[in-house]
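Okay, structure first, notes after.
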Amino acid sequence: MSTNEHQLPEQGFLESLTHDERAALQGLGEELNFEEGETVIEEATAQDHLYVLLSGRCKVLQKHVAPAVTAWLEEGDSFGEVNLFDLEEAGASASVEAAGSIVAWRIDRNGLNTFIGSQPEASLRLMIGISTLLSKRLRSVNELVKKMSIWTRS
């Protein structure tokens, strides 16, 4: 794995981890640099990494639905969680593209499993954090569907 120059943030699903636990997790992943316009995740392709945006900004695009930005990711935001846990390998549900120079940290399923095996208490807090994040995102999508159904009623 490459040297990590940035530290994982004390926010999002990582909020409940101590400094040492975040450092242990970070050591199992790698930092990657992307330039403006580079694709970090390509929609519909196999993907088994969890990412945290350490610097910069990304746009989330669902090109197969509409070629428009559906969300913006800021420093500290995470992405890729769905495919990390979806063993059906349906492919990424959206593309993530750098909106300028960015640094992202990523960990694959094997690295996360190593952390879980070596840090069971921290892993429980980490999984609760990821579950909370996914629940909030699902709730947001449910609200959007509810609004859309109101718009399309006769």
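Chains: A, B, ... in order of the structure tokens. Residues: from 1 per chain. Ligands: from 1, in order shown.
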
Checklist entry - Tell me, which residues of segment 11-140 of chain A carry DSSP helix (DSSP H, G or I), written as a PyMOL selection string? => result chain A and resi 12-14+19-26+81-85+109-118+120-140

Take the residues just selected and output them with N, CA and C atoms as a compact mmCIF listing (two decimals), in the first residue's frame.
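Result saved to selection_4.txt:
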```
# COMPACT_ATOMS: atom_id res chain seq x y z
N GLY A 12 -18.27 11.62 9.74
CA GLY A 12 -18.97 10.58 9.00
C GLY A 12 -18.91 9.25 9.72
N PHE A 13 -18.76 8.18 8.97
CA PHE A 13 -18.76 6.85 9.57
C PHE A 13 -17.51 6.59 10.42
N LEU A 14 -16.51 7.46 10.33
CA LEU A 14 -15.26 7.30 11.10
C LEU A 14 -15.30 8.04 12.44
N HIS A 19 -8.19 8.03 17.38
CA HIS A 19 -7.09 8.38 16.47
C HIS A 19 -6.30 7.13 16.08
N ASP A 20 -5.97 6.29 17.07
CA ASP A 20 -5.19 5.08 16.80
C ASP A 20 -5.97 4.08 15.93
N GLU A 21 -7.27 3.97 16.15
CA GLU A 21 -8.09 3.06 15.34
C GLU A 21 -8.17 3.55 13.90
N ARG A 22 -8.35 4.87 13.72
CA ARG A 22 -8.37 5.42 12.36
C ARG A 22 -7.03 5.21 11.67
N ALA A 23 -5.92 5.37 12.43
CA ALA A 23 -4.59 5.16 11.85
C ALA A 23 -4.40 3.70 11.43
N ALA A 24 -4.88 2.78 12.24
CA ALA A 24 -4.78 1.35 11.89
C ALA A 24 -5.59 1.04 10.63
N LEU A 25 -6.80 1.60 10.56
CA LEU A 25 -7.63 1.40 9.37
C LEU A 25 -6.97 2.03 8.16
N GLN A 26 -6.46 3.24 8.31
CA GLN A 26 -5.84 3.95 7.20
C GLN A 26 -4.65 3.18 6.63
N GLU A 81 -19.70 2.61 -0.59
CA GLU A 81 -20.12 1.68 0.46
C GLU A 81 -21.04 0.59 -0.06
N VAL A 82 -21.95 0.94 -0.96
CA VAL A 82 -22.95 -0.03 -1.42
C VAL A 82 -22.27 -1.25 -2.05
N ASN A 83 -21.35 -1.01 -2.98
CA ASN A 83 -20.71 -2.14 -3.65
C ASN A 83 -19.73 -2.88 -2.76
N LEU A 84 -19.25 -2.24 -1.72
CA LEU A 84 -18.36 -2.94 -0.80
C LEU A 84 -19.09 -4.08 -0.10
N PHE A 85 -20.38 -3.89 0.16
CA PHE A 85 -21.15 -4.89 0.89
C PHE A 85 -22.08 -5.70 0.00
N ARG A 109 -12.35 -4.67 0.16
CA ARG A 109 -13.07 -5.59 1.05
C ARG A 109 -12.11 -6.39 1.92
N ASN A 110 -10.98 -6.84 1.35
CA ASN A 110 -10.01 -7.62 2.12
C ASN A 110 -9.37 -6.79 3.23
N GLY A 111 -9.03 -5.54 2.92
CA GLY A 111 -8.47 -4.66 3.93
C GLY A 111 -9.44 -4.40 5.06
N LEU A 112 -10.71 -4.19 4.70
CA LEU A 112 -11.73 -3.97 5.73
C LEU A 112 -11.90 -5.23 6.58
N ASN A 113 -11.87 -6.40 5.96
CA ASN A 113 -11.98 -7.65 6.71
C ASN A 113 -10.80 -7.84 7.66
N THR A 114 -9.62 -7.41 7.24
CA THR A 114 -8.44 -7.47 8.12
C THR A 114 -8.65 -6.59 9.34
N PHE A 115 -9.17 -5.38 9.12
CA PHE A 115 -9.45 -4.46 10.24
C PHE A 115 -10.48 -5.08 11.18
N ILE A 116 -11.53 -5.66 10.62
CA ILE A 116 -12.58 -6.27 11.43
C ILE A 116 -12.01 -7.40 12.30
N GLY A 117 -11.13 -8.21 11.72
CA GLY A 117 -10.54 -9.31 12.47
C GLY A 117 -9.59 -8.85 13.57
N SER A 118 -8.94 -7.72 13.38
CA SER A 118 -7.94 -7.27 14.35
C SER A 118 -8.48 -6.25 15.35
N PRO A 120 -12.09 -5.83 16.76
CA PRO A 120 -13.52 -6.13 16.82
C PRO A 120 -14.38 -5.03 17.45
N GLU A 121 -13.93 -4.39 18.52
CA GLU A 121 -14.74 -3.34 19.14
C GLU A 121 -14.85 -2.12 18.23
N ALA A 122 -13.72 -1.71 17.66
CA ALA A 122 -13.73 -0.57 16.74
C ALA A 122 -14.57 -0.91 15.50
N SER A 123 -14.49 -2.14 15.06
CA SER A 123 -15.24 -2.56 13.87
C SER A 123 -16.74 -2.46 14.08
N LEU A 124 -17.20 -2.78 15.28
CA LEU A 124 -18.62 -2.64 15.58
C LEU A 124 -19.04 -1.18 15.44
N ARG A 125 -18.25 -0.27 15.99
CA ARG A 125 -18.57 1.16 15.88
C ARG A 125 -18.49 1.62 14.43
N LEU A 126 -17.50 1.11 13.70
CA LEU A 126 -17.35 1.45 12.28
C LEU A 126 -18.58 0.99 11.49
N MET A 127 -19.01 -0.23 11.71
CA MET A 127 -20.16 -0.77 10.97
C MET A 127 -21.45 -0.03 11.33
N ILE A 128 -21.59 0.37 12.59
CA ILE A 128 -22.76 1.17 12.97
C ILE A 128 -22.70 2.51 12.23
N GLY A 129 -21.51 3.10 12.13
CA GLY A 129 -21.35 4.36 11.40
C GLY A 129 -21.70 4.22 9.93
N ILE A 130 -21.24 3.15 9.30
CA ILE A 130 -21.56 2.93 7.88
C ILE A 130 -23.05 2.65 7.72
N SER A 131 -23.63 1.87 8.62
CA SER A 131 -25.07 1.59 8.55
C SER A 131 -25.90 2.86 8.71
N THR A 132 -25.47 3.72 9.61
CA THR A 132 -26.17 5.00 9.81
C THR A 132 -26.08 5.85 8.55
N LEU A 133 -24.91 5.92 7.96
CA LEU A 133 -24.71 6.67 6.72
C LEU A 133 -25.62 6.14 5.62
N LEU A 134 -25.63 4.82 5.42
CA LEU A 134 -26.46 4.23 4.38
C LEU A 134 -27.95 4.44 4.66
N SER A 135 -28.34 4.38 5.93
CA SER A 135 -29.74 4.61 6.29
C SER A 135 -30.16 6.04 5.97
N LYS A 136 -29.28 7.01 6.26
CA LYS A 136 -29.60 8.40 5.94
C LYS A 136 -29.73 8.60 4.44
N ARG A 137 -28.84 7.97 3.68
CA ARG A 137 -28.92 8.09 2.22
C ARG A 137 -30.19 7.44 1.68
N LEU A 138 -30.57 6.30 2.22
CA LEU A 138 -31.80 5.64 1.80
C LEU A 138 -33.02 6.50 2.14
N ARG A 139 -33.02 7.08 3.33
CA ARG A 139 -34.13 7.96 3.72
C ARG A 139 -34.24 9.14 2.75
N SER A 140 -33.11 9.70 2.35
CA SER A 140 -33.10 10.82 1.41
C SER A 140 -33.69 10.40 0.06
```

Please identify every residue of segment 49-84 of chain A that has at least one atom no farther than 7 Å from an atom of segment 96-103 of chain A, counting only C-alpha atoms, and for each give the shortest atom pair and the distance in Å to one decimal, arranged by chain then increasing number, as a tab-separated table.
```
residue	atom	partner	partner_atom	distance
A:Leu53	CA	A:Val103	CA	6.4
A:Leu54	CA	A:Val103	CA	5.4
A:Ser55	CA	A:Val103	CA	5.1
A:Gly56	CA	A:Ile102	CA	4.5
A:Arg57	CA	A:Ala99	CA	5.5
A:Cys58	CA	A:Ala98	CA	4.5
A:Lys59	CA	A:Glu97	CA	5.4
A:Val60	CA	A:Val96	CA	4.6
A:Leu61	CA	A:Val96	CA	6.3
```

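The environment of Gly29 of chain A within 7 Å, counting only C-alpha atoms and disregarding residues fewer than 4 places along the same chain, consists of Met1, Trp105, Arg106, Ile107 and Gly111 of chain A.
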
Next on the checklist: Please return, as a ChimeraX atom specification, all residues of chain A that DSSP assigns to strand (DSSP E) on the basis of the backbone.
Outcome noted: /A:30-34,39-41,49-55,58-62,66-73,78-79,95-98,102-108

Item to check | Contact residues around Ile41 of chain A with only C-alpha atoms at 7 Å, ignoring same-chain residues under 2 positions, as a VMD selection string | outcome: chain A and resid 39 43 95 to 96

Item to check | Counting only C-alpha atoms, the option among A:Ala104, A:Gly37, A:Leu17, A:Leu28 closest to Glu74 of chain A | outcome: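 Of the candidates, the smallest distance to Glu74 of chain A is held by A:Ala104.
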
Checklist entry - Could you state the separation of atom CA of Glu5 of chain A and atom CA of Asn33 of chain A in Å, given to one decimal place? => result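 For atom CA of Glu5 of chain A relative to atom CA of Asn33 of chain A, the distance reads 11.3 Å.
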
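For the choices A:Glu15, A:Gln7, A:Trp72, A:Ala44, the atom-to-atom distance to Glu31 of chain A is smallest for A:Gln7 when using only C-alpha atoms.
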